[in-house]
Amino acid sequence: MLEKNKIYNIDCIEGMRLLQNSSIDLTVTSPPYDNLRSYKGYSFDFESVAKELYRVTKDGGVVVWVVNDATVKGSETGTSFRQALYFKEVGFLLHDTMLYEKDSCPYPETTRYYPSFEYMFILVKGKIGTVHLIADKPNKHYGDKISGTVRNPDGSVIPMSAIKNNTGRKIKPFGIRPNIWRYKMGYMKSTTDKISYKHPAIFPEQLAYDHIISWSNKGDVVLDPFMGSGTTAKMARVAGRDFIGFEISKEYCDIAEERLNTNALFF
Ligand SMILES: C[S@@+](CC[C@H](N)C(=O)[O-])C[C@H]1O[C@@H](n2cnc3c(N)ncnc32)[C@H](O)[C@@H]1O
């Protein structure tokens, strides 16, 4: 097993081959998307990455795969869907297709509605192990008695209040959030670490943090095979998890190291 809490300047397949079977609790990552960014010309072999992720993930462990498609000659590539289906072929369950909605649009379009989201595929190895759903959606009817009805499998309807443990219960102030997550994007919004903007495609710190607290426990090991500017590593540390990262570019590794050394506990 590699030493934890380090970012390795290595191709992610080579890096993952150094990890033992079933040694990772959670992966939060965003690979290069089609050719949307050049990343100094680095590429990766998706099928090998998918197989290695399956091998290194613990039973019940989760992979969060954040991805989008390029539009080539007027048509979206569909790479994201192909990747999600390939993950199923190698054994993962496609637990959920979540969306990451951006509050800004980098490429204004004239023939399409503004592209404002990316996919966040939640892949699980077997039955999901750790789930801590975030309950931060304000409930409109906070304080009211639980009402409404539920339908039984045979089609009959019963009042919610008739369900065991619901009698006299009131609606809580916050409910579980839906599976579309909205984040602020852009300079000093995704993070306040100025150095990270030397990388062309960071994801928001809050996105990484929200997944880390949803699908892992304190002390778990979080992997990012495409570490970029170090967002997953930083947020794993903030959340009290260990991390392992791989990044092929020495320049981006240096950015991530410097970011971790100066800002690792600030959010
Ligand atoms: C979308 S970026 C990740 C950004 C990261 N989530 C962040 O917040 O900074 C993808 C990264 O994968 C790296 N990369 C590309 N091919 C790679 C490979 N074969 N092995 C490891 N890293 C690779 C690129 O250099 C780039 O930094």
# chains A, B, ... in the order shown; residues from 1 in each chain; ligands from 1

call {"tool": "select_by_dssp", "arguments": {"residues": "segment 151-241 of chain A", "states": "strand (DSSP E)", "output": "PyMOL selection string"}}
result
chain A and resi 151+157-159+174-175+180-183+221-224

call {"tool": "residues_near_ligand", "arguments": {"ligand": "ligand 1", "cutoff": "6 Å", "atoms": "only C-alpha atoms and all ligand atoms", "output": "VMD selection string"}}
result
chain A and resid 11 to 12 29 to 32 39 42 to 44 201 to 203 225 to 231 246 to 249

call {"tool": "closest_atom_pairs", "arguments": {"of": "segment 67-143 of chain A", "to": "segment 179-200 of chain A", "cutoff": "9 Å", "atoms": "only C-alpha atoms", "output": "tab-separated table"}}
result
residue	atom	partner	partner_atom	distance
A:Asp96	CA	A:Asn179	CA	8.3
A:Thr97	CA	A:Asn179	CA	7.9
A:Met98	CA	A:Asn179	CA	5.2
A:Leu99	CA	A:Ile180	CA	4.7
A:Tyr100	CA	A:Trp181	CA	5.0
A:Glu101	CA	A:Arg182	CA	4.5
A:Lys102	CA	A:Tyr183	CA	5.5
A:Asp103	CA	A:Lys184	CA	5.3
A:Ser104	CA	A:Met185	CA	6.4
A:Cys105	CA	A:Met185	CA	8.9
A:Phe117	CA	A:Arg182	CA	8.8

call {"tool": "residues_around", "arguments": {"residues": "His132 of chain A", "least_positions_apart": "5", "cutoff": "12 Å", "atoms": "only C-alpha atoms", "output": "PyMOL selection string"}}
result
chain A and resi 176-177+210-218

call {"tool": "closest_residue", "arguments": {"among": "A:Gly126, A:Gly240, A:Pro115, A:Gly74", "to": "Val90 of chain A", "atoms": "only C-alpha atoms"}}
result
A:Gly126

call {"tool": "atom_distance", "arguments": {"atom1": "atom CA of Lys4 of chain A", "atom2": "atom CA of Val221 of chain A"}}
result
7.9 Å

call {"tool": "closest_residue", "arguments": {"among": "A:Asp242, A:Glu205, A:Asp220, A:Asp34", "to": "Lys58 of chain A", "atoms": "only C-alpha atoms"}}
result
A:Asp220

call {"tool": "atom_distance", "arguments": {"atom1": "atom CA of Val157 of chain A", "atom2": "atom CA of Pro178 of chain A"}}
result
25.1 Å

call {"tool": "residues_around", "arguments": {"residues": "segment 171-173 of chain A", "least_positions_apart": "3", "cutoff": "7 Å", "atoms": "only C-alpha atoms", "output": "list in words"}}
result
Pro138, Asn139, His141, Tyr142, Gly143, Asp144, Lys145 and Ile146 of chain A
